[in-house]
Amino acid sequence: MPKATFQGPCMGMTVAICDQNKGFAYQGKIPWPHIKKDYEFFMNIVTTTDDPAKKNGVLLGRLTYETCTEQERSQPKLSTVITSTTMKDVPPSCRAVVSTFDEAVEDMVSGIEKGELENIWVLGGGENYERAINDPRFTLLYVTRIFNEFPVDRIFPEFSHCFRLSSTSEVYTDNGISFQFEKWEKNA
């Protein structure tokens with residue numbers, strides 16, 4: 001079956017990772033304390049649309065979804081699809097629960113809200129990131145690079161073989177944590 005094409009301007013990912021080892025989670029949670037500036041940056045990316053009548057699609061793994069606050073889950077500018085092989089019921093704030101990354105993308109590009117979604121963002125977990133990195137439709141990657149060390153048990157997949165760094169911010173410090181924002185674009 002041919003892959004569906006998405007007519008929106010962007011299909012991408014956003015993640016915060018430790019600089020030293022590319023870790024992004026520990027025991028199912030973000031391993032560092034809350035970074036307000038990073039959170040604001042992330043929310044701006046995933047909730048902003050050029051067309052105020054449109055929403056953005058977000059694709060999350062079950063564990064990532066479970067770490068979201070109720071306010072994050074019920075964002076009116078987001079349409080959420082969860083990938084899970086164990087979750088059976090669709091939470092009230094979500095459009096679907098599916099078993100695979102491909103099913104999630106297909107649901108967003110040709111599902112009930114076709115034409116209502118402007119962008120699609122992968123926000124976790126590890127398997128979804130792995131698939132999106134190697135999917136030619138996902139052309140942007142926003143990374144918050146954390147320069148402090150934290151214990152991690154989930155490592156972000158290697159991506160420099162198919163993405164190139166296109167911009168970086170200055171290094172910020174918030175809540176005792178040093179970090180910078182990076183924008184990566186898919187190689188031609």
# chains A, B, ... in the order shown; residues from 1 in each chain; ligands from 1

call {"tool": "select_by_dssp", "arguments": {"residues": "region 55-85 of chain A", "states": "alpha helix (DSSP H)", "output": "list in words"}}
result
Arg62, Leu63, Thr64, Tyr65, Glu66, Thr67, Glu70, Gln71, Glu72 and Arg73 of chain A

call {"tool": "write_last_selection", "arguments": {"atoms": "N, CA, C and O atoms", "output": "short mmCIF file (atom, residue, chain, number, x, y, z; two decimals), in the first residue's frame"}}
result
data_model
loop_
_atom_site.label_atom_id
_atom_site.label_comp_id
_atom_site.auth_asym_id
_atom_site.auth_seq_id
_atom_site.Cartn_x
_atom_site.Cartn_y
_atom_site.Cartn_z
N ARG A 62 2.31 5.70 24.29
CA ARG A 62 1.48 5.63 25.51
C ARG A 62 2.20 6.22 26.72
O ARG A 62 1.61 6.99 27.49
N LEU A 63 3.46 5.85 26.94
CA LEU A 63 4.18 6.35 28.11
C LEU A 63 4.32 7.87 28.07
O LEU A 63 4.18 8.55 29.08
N THR A 64 4.59 8.41 26.89
CA THR A 64 4.69 9.86 26.76
C THR A 64 3.34 10.50 27.09
O THR A 64 3.27 11.49 27.82
N TYR A 65 2.27 9.93 26.55
CA TYR A 65 0.93 10.46 26.83
C TYR A 65 0.65 10.44 28.33
O TYR A 65 0.11 11.41 28.88
N GLU A 66 1.01 9.37 29.01
CA GLU A 66 0.74 9.26 30.44
C GLU A 66 1.50 10.27 31.28
O GLU A 66 1.07 10.60 32.38
N THR A 67 2.60 10.82 30.77
CA THR A 67 3.34 11.84 31.52
C THR A 67 2.79 13.24 31.29
O THR A 67 3.18 14.18 31.98
N GLU A 70 -3.12 17.15 32.38
CA GLU A 70 -4.46 17.27 31.78
C GLU A 70 -4.55 18.50 30.89
O GLU A 70 -5.18 18.46 29.83
N GLN A 71 -3.90 19.58 31.27
CA GLN A 71 -3.89 20.79 30.45
C GLN A 71 -3.21 20.52 29.11
O GLN A 71 -3.69 20.96 28.06
N GLU A 72 -2.11 19.78 29.11
CA GLU A 72 -1.42 19.44 27.86
C GLU A 72 -2.28 18.52 27.00
O GLU A 72 -2.33 18.65 25.79
N ARG A 73 -2.97 17.58 27.65
CA ARG A 73 -3.79 16.62 26.91
C ARG A 73 -4.99 17.27 26.24
O ARG A 73 -5.49 16.77 25.24
#

call {"tool": "residues_around", "arguments": {"residues": "Met43 (chain A)", "least_positions_apart": "3", "cutoff": "12 Å", "atoms": "only C-alpha atoms", "output": "JSON, numbers by chain"}}
result
{"A": [14, 15, 36, 37, 38, 39, 40, 46, 47, 48, 49, 56, 58, 71, 72, 73, 75, 77, 78, 121, 123, 142]}

call {"tool": "residues_around", "arguments": {"residues": "region 116-118 of chain A", "least_positions_apart": "3", "cutoff": "12 Å", "atoms": "only C-alpha atoms", "output": "number ranges by chain"}}
result
A: 6-12, 46-58, 77-80, 105, 107-113, 121

call {"tool": "write_last_selection", "arguments": {"atoms": "C-alpha atoms", "output": "PDB file, in the first residue's frame"}}
result
ATOM      1  CA  PHE A   6       0.408  15.079   3.700  1.00  0.00           C
ATOM      2  CA  GLN A   7      -0.349  18.437   2.124  1.00  0.00           C
ATOM      3  CA  GLY A   8       0.585  20.462   5.212  1.00  0.00           C
ATOM      4  CA  PRO A   9       3.773  22.469   5.388  1.00  0.00           C
ATOM      5  CA  CYS A  10       5.521  20.417   8.044  1.00  0.00           C
ATOM      6  CA  MET A  11       5.962  16.958   9.468  1.00  0.00           C
ATOM      7  CA  GLY A  12       8.548  16.963  12.210  1.00  0.00           C
ATOM      8  CA  VAL A  46       3.508  22.210  18.518  1.00  0.00           C
ATOM      9  CA  THR A  47       0.508  24.527  18.976  1.00  0.00           C
ATOM     10  CA  THR A  48       1.260  27.243  16.398  1.00  0.00           C
ATOM     11  CA  THR A  49      -0.516  27.198  13.044  1.00  0.00           C
ATOM     12  CA  ASP A  50      -0.464  29.753  10.240  1.00  0.00           C
ATOM     13  CA  ASP A  51      -4.187  29.202   9.679  1.00  0.00           C
ATOM     14  CA  PRO A  52      -6.071  29.920  12.944  1.00  0.00           C
ATOM     15  CA  ALA A  53      -8.847  27.532  11.862  1.00  0.00           C
ATOM     16  CA  LYS A  54      -6.447  24.567  11.763  1.00  0.00           C
ATOM     17  CA  LYS A  55      -4.913  22.313  14.419  1.00  0.00           C
ATOM     18  CA  ASN A  56      -1.658  20.399  14.580  1.00  0.00           C
ATOM     19  CA  GLY A  57      -1.524  16.643  14.894  1.00  0.00           C
ATOM     20  CA  VAL A  58       0.664  15.138  17.617  1.00  0.00           C
ATOM     21  CA  LYS A  77      -4.967  23.402  18.942  1.00  0.00           C
ATOM     22  CA  LEU A  78      -3.819  19.739  19.078  1.00  0.00           C
ATOM     23  CA  SER A  79      -5.252  16.536  17.691  1.00  0.00           C
ATOM     24  CA  THR A  80      -3.596  13.589  19.437  1.00  0.00           C
ATOM     25  CA  VAL A 105       0.444   8.845  10.449  1.00  0.00           C
ATOM     26  CA  ASP A 107      -4.943   8.393  10.587  1.00  0.00           C
ATOM     27  CA  MET A 108      -3.649  11.969  10.611  1.00  0.00           C
ATOM     28  CA  VAL A 109      -3.124  12.396   6.884  1.00  0.00           C
ATOM     29  CA  SER A 110      -6.331  10.754   5.709  1.00  0.00           C
ATOM     30  CA  GLY A 111      -8.524  10.453   8.790  1.00  0.00           C
ATOM     31  CA  ILE A 112     -11.631  12.290   9.868  1.00  0.00           C
ATOM     32  CA  GLU A 113      -9.840  15.629  10.247  1.00  0.00           C
ATOM     33  CA  TRP A 121       4.626  16.442  15.238  1.00  0.00           C
TER      34      TRP A 121
END

call {"tool": "atom_distance", "arguments": {"atom1": "CA of Arg131 (chain A)", "atom2": "CA of Cys94 (chain A)"}}
result
21.2 Å

call {"tool": "residues_around", "arguments": {"residues": "region 23-27 of chain A", "least_positions_apart": "2", "cutoff": "8 Å", "atoms": "only C-alpha atoms", "output": "list in words"}}
result
Val15, Ala16, Ile17, Cys18, Asp19, Asn21, Lys29, Ile30, Pro31, Pro151, Val152, Asp153, Arg154, Ile155 and Phe156 of chain A

call {"tool": "write_last_selection", "arguments": {"atoms": "N, CA, C and O atoms", "output": "mmCIF file, in the first residue's frame"}}
result
data_model
loop_
_atom_site.group_PDB
_atom_site.id
_atom_site.type_symbol
_atom_site.label_atom_id
_atom_site.label_comp_id
_atom_site.auth_asym_id
_atom_site.auth_seq_id
_atom_site.Cartn_x
_atom_site.Cartn_y
_atom_site.Cartn_z
ATOM 1 N N VAL A 15 12.212 17.147 20.548
ATOM 2 C CA VAL A 15 12.731 16.335 21.651
ATOM 3 C C VAL A 15 13.756 17.146 22.429
ATOM 4 O O VAL A 15 14.402 18.036 21.884
ATOM 5 N N ALA A 16 13.888 16.849 23.700
ATOM 6 C CA ALA A 16 14.984 17.373 24.515
ATOM 7 C C ALA A 16 15.873 16.184 24.841
ATOM 8 O O ALA A 16 15.384 15.125 25.246
ATOM 9 N N ILE A 17 17.190 16.340 24.622
ATOM 10 C CA ILE A 17 18.128 15.246 24.854
ATOM 11 C C ILE A 17 19.357 15.742 25.598
ATOM 12 O O ILE A 17 19.734 16.908 25.494
ATOM 13 N N CYS A 18 19.980 14.850 26.354
ATOM 14 C CA CYS A 18 21.259 15.155 27.003
ATOM 15 C C CYS A 18 22.344 15.174 25.941
ATOM 16 O O CYS A 18 22.405 14.280 25.089
ATOM 17 N N ASP A 19 23.214 16.170 25.996
ATOM 18 C CA ASP A 19 24.281 16.311 25.015
ATOM 19 C C ASP A 19 25.227 15.117 25.037
ATOM 20 O O ASP A 19 25.627 14.608 24.006
ATOM 21 N N ASN A 21 24.926 11.838 25.949
ATOM 22 C CA ASN A 21 24.536 10.488 25.541
ATOM 23 C C ASN A 21 23.219 10.436 24.758
ATOM 24 O O ASN A 21 22.732 9.359 24.466
ATOM 25 N N LYS A 29 10.057 9.062 32.590
ATOM 26 C CA LYS A 29 9.870 10.510 32.784
ATOM 27 C C LYS A 29 11.072 11.270 32.253
ATOM 28 O O LYS A 29 12.148 10.717 32.056
ATOM 29 N N ILE A 30 10.889 12.577 32.068
ATOM 30 C CA ILE A 30 12.002 13.450 31.713
ATOM 31 C C ILE A 30 12.945 13.488 32.914
ATOM 32 O O ILE A 30 12.507 13.732 34.037
ATOM 33 N N PRO A 31 14.246 13.260 32.709
ATOM 34 C CA PRO A 31 15.161 13.126 33.846
ATOM 35 C C PRO A 31 15.631 14.426 34.506
ATOM 36 O O PRO A 31 16.244 14.384 35.554
ATOM 37 N N PRO A 151 20.789 10.860 34.809
ATOM 38 C CA PRO A 151 20.642 9.431 34.513
ATOM 39 C C PRO A 151 19.554 9.253 33.447
ATOM 40 O O PRO A 151 18.528 9.931 33.488
ATOM 41 N N VAL A 152 19.801 8.370 32.487
ATOM 42 C CA VAL A 152 18.845 8.114 31.418
ATOM 43 C C VAL A 152 18.767 6.612 31.151
ATOM 44 O O VAL A 152 19.726 5.891 31.377
ATOM 45 N N ASP A 153 17.611 6.173 30.695
ATOM 46 C CA ASP A 153 17.484 4.788 30.254
ATOM 47 C C ASP A 153 16.850 4.688 28.872
ATOM 48 O O ASP A 153 16.630 3.598 28.357
ATOM 49 N N ARG A 154 16.531 5.833 28.253
ATOM 50 C CA ARG A 154 16.031 5.869 26.869
ATOM 51 C C ARG A 154 16.926 6.817 26.081
ATOM 52 O O ARG A 154 17.092 7.975 26.452
ATOM 53 N N ILE A 155 17.484 6.305 24.987
ATOM 54 C CA ILE A 155 18.407 7.067 24.156
ATOM 55 C C ILE A 155 17.713 7.434 22.847
ATOM 56 O O ILE A 155 17.088 6.588 22.206
ATOM 57 N N PHE A 156 17.852 8.698 22.457
ATOM 58 C CA PHE A 156 17.287 9.148 21.194
ATOM 59 C C PHE A 156 18.074 8.507 20.050
ATOM 60 O O PHE A 156 19.300 8.442 20.094
#

call {"tool": "residues_around", "arguments": {"residues": "Ser166 (chain A)", "least_positions_apart": "6", "cutoff": "12 Å", "atoms": "only C-alpha atoms", "output": "PyMOL selection string"}}
result
chain A and resi 139-143+160+181-187

call {"tool": "atom_distance", "arguments": {"atom1": "CA of Leu165 (chain A)", "atom2": "CA of Phe179 (chain A)"}}
result
15.8 Å

call {"tool": "residues_around", "arguments": {"residues": "Gly61 (chain A)", "least_positions_apart": "3", "cutoff": "7 Å", "atoms": "only C-alpha atoms", "output": "list in words"}}
result
Thr64, Tyr65, Ile82, Thr83, Ser84, Gly124 and Gly125 of chain A

call {"tool": "write_last_selection", "arguments": {"atoms": "N, CA and C atoms", "output": "JSON list (two decimals), in the first residue's frame"}}
result
[["chain", "number", "residue", "atom", "x", "y", "z"],
["A", 64, "THR", "N", 4.59, 8.41, 26.89],
["A", 64, "THR", "CA", 4.69, 9.86, 26.76],
["A", 64, "THR", "C", 3.34, 10.50, 27.09],
["A", 65, "TYR", "N", 2.27, 9.93, 26.55],
["A", 65, "TYR", "CA", 0.93, 10.46, 26.83],
["A", 65, "TYR", "C", 0.65, 10.44, 28.33],
["A", 82, "ILE", "N", -2.33, 8.32, 19.83],
["A", 82, "ILE", "CA", -1.43, 7.56, 20.69],
["A", 82, "ILE", "C", -1.11, 6.23, 20.02],
["A", 83, "THR", "N", 0.18, 5.86, 20.03],
["A", 83, "THR", "CA", 0.54, 4.52, 19.58],
["A", 83, "THR", "C", 0.73, 3.65, 20.82],
["A", 84, "SER", "N", 0.05, 2.52, 20.82],
["A", 84, "SER", "CA", 0.14, 1.60, 21.96],
["A", 84, "SER", "C", -0.39, 0.23, 21.55],
["A", 124, "GLY", "N", 7.23, 11.59, 20.88],
["A", 124, "GLY", "CA", 7.72, 10.44, 21.64],
["A", 124, "GLY", "C", 6.89, 9.23, 21.29],
["A", 125, "GLY", "N", 7.22, 8.13, 21.76],
["A", 125, "GLY", "CA", 8.41, 7.67, 22.41],
["A", 125, "GLY", "C", 9.47, 7.22, 21.41]]

call {"tool": "closest_residue", "arguments": {"among": "A:Asn128, A:Asn148, A:Ser169, A:Thr100", "to": "Pro33 (chain A)", "atoms": "only C-alpha atoms"}}
result
A:Asn148

call {"tool": "residues_around", "arguments": {"residues": "Glu170 (chain A)", "least_positions_apart": "2", "cutoff": "7 Å", "atoms": "only C-alpha atoms", "output": "list of chain:residue names"}}
result
A:Thr168, A:Tyr172, A:Gln180

call {"tool": "write_last_selection", "arguments": {"atoms": "N, CA and C atoms", "output": "mmCIF file, in the first residue's frame"}}
result
data_model
loop_
_atom_site.group_PDB
_atom_site.id
_atom_site.type_symbol
_atom_site.label_atom_id
_atom_site.label_comp_id
_atom_site.auth_asym_id
_atom_site.auth_seq_id
_atom_site.Cartn_x
_atom_site.Cartn_y
_atom_site.Cartn_z
ATOM 1 N N THR A 168 21.124 27.186 15.466
ATOM 2 C CA THR A 168 21.215 26.985 16.920
ATOM 3 C C THR A 168 20.978 28.312 17.618
ATOM 4 N N TYR A 172 21.365 28.921 27.004
ATOM 5 C CA TYR A 172 20.589 29.504 28.094
ATOM 6 C C TYR A 172 20.824 28.690 29.364
ATOM 7 N N GLN A 180 20.535 24.605 24.798
ATOM 8 C CA GLN A 180 20.329 25.436 23.615
ATOM 9 C C GLN A 180 19.316 24.755 22.714
#

call {"tool": "closest_residue", "arguments": {"among": "A:Leu60, A:Ile177, A:Ala96, A:Ile35", "to": "Phe150 (chain A)", "atoms": "only C-alpha atoms"}}
result
A:Ile177

call {"tool": "closest_residue", "arguments": {"among": "A:Ala132, A:Ser178, A:Pro91, A:Thr144", "to": "Pro157 (chain A)", "atoms": "only C-alpha atoms"}}
result
A:Ala132
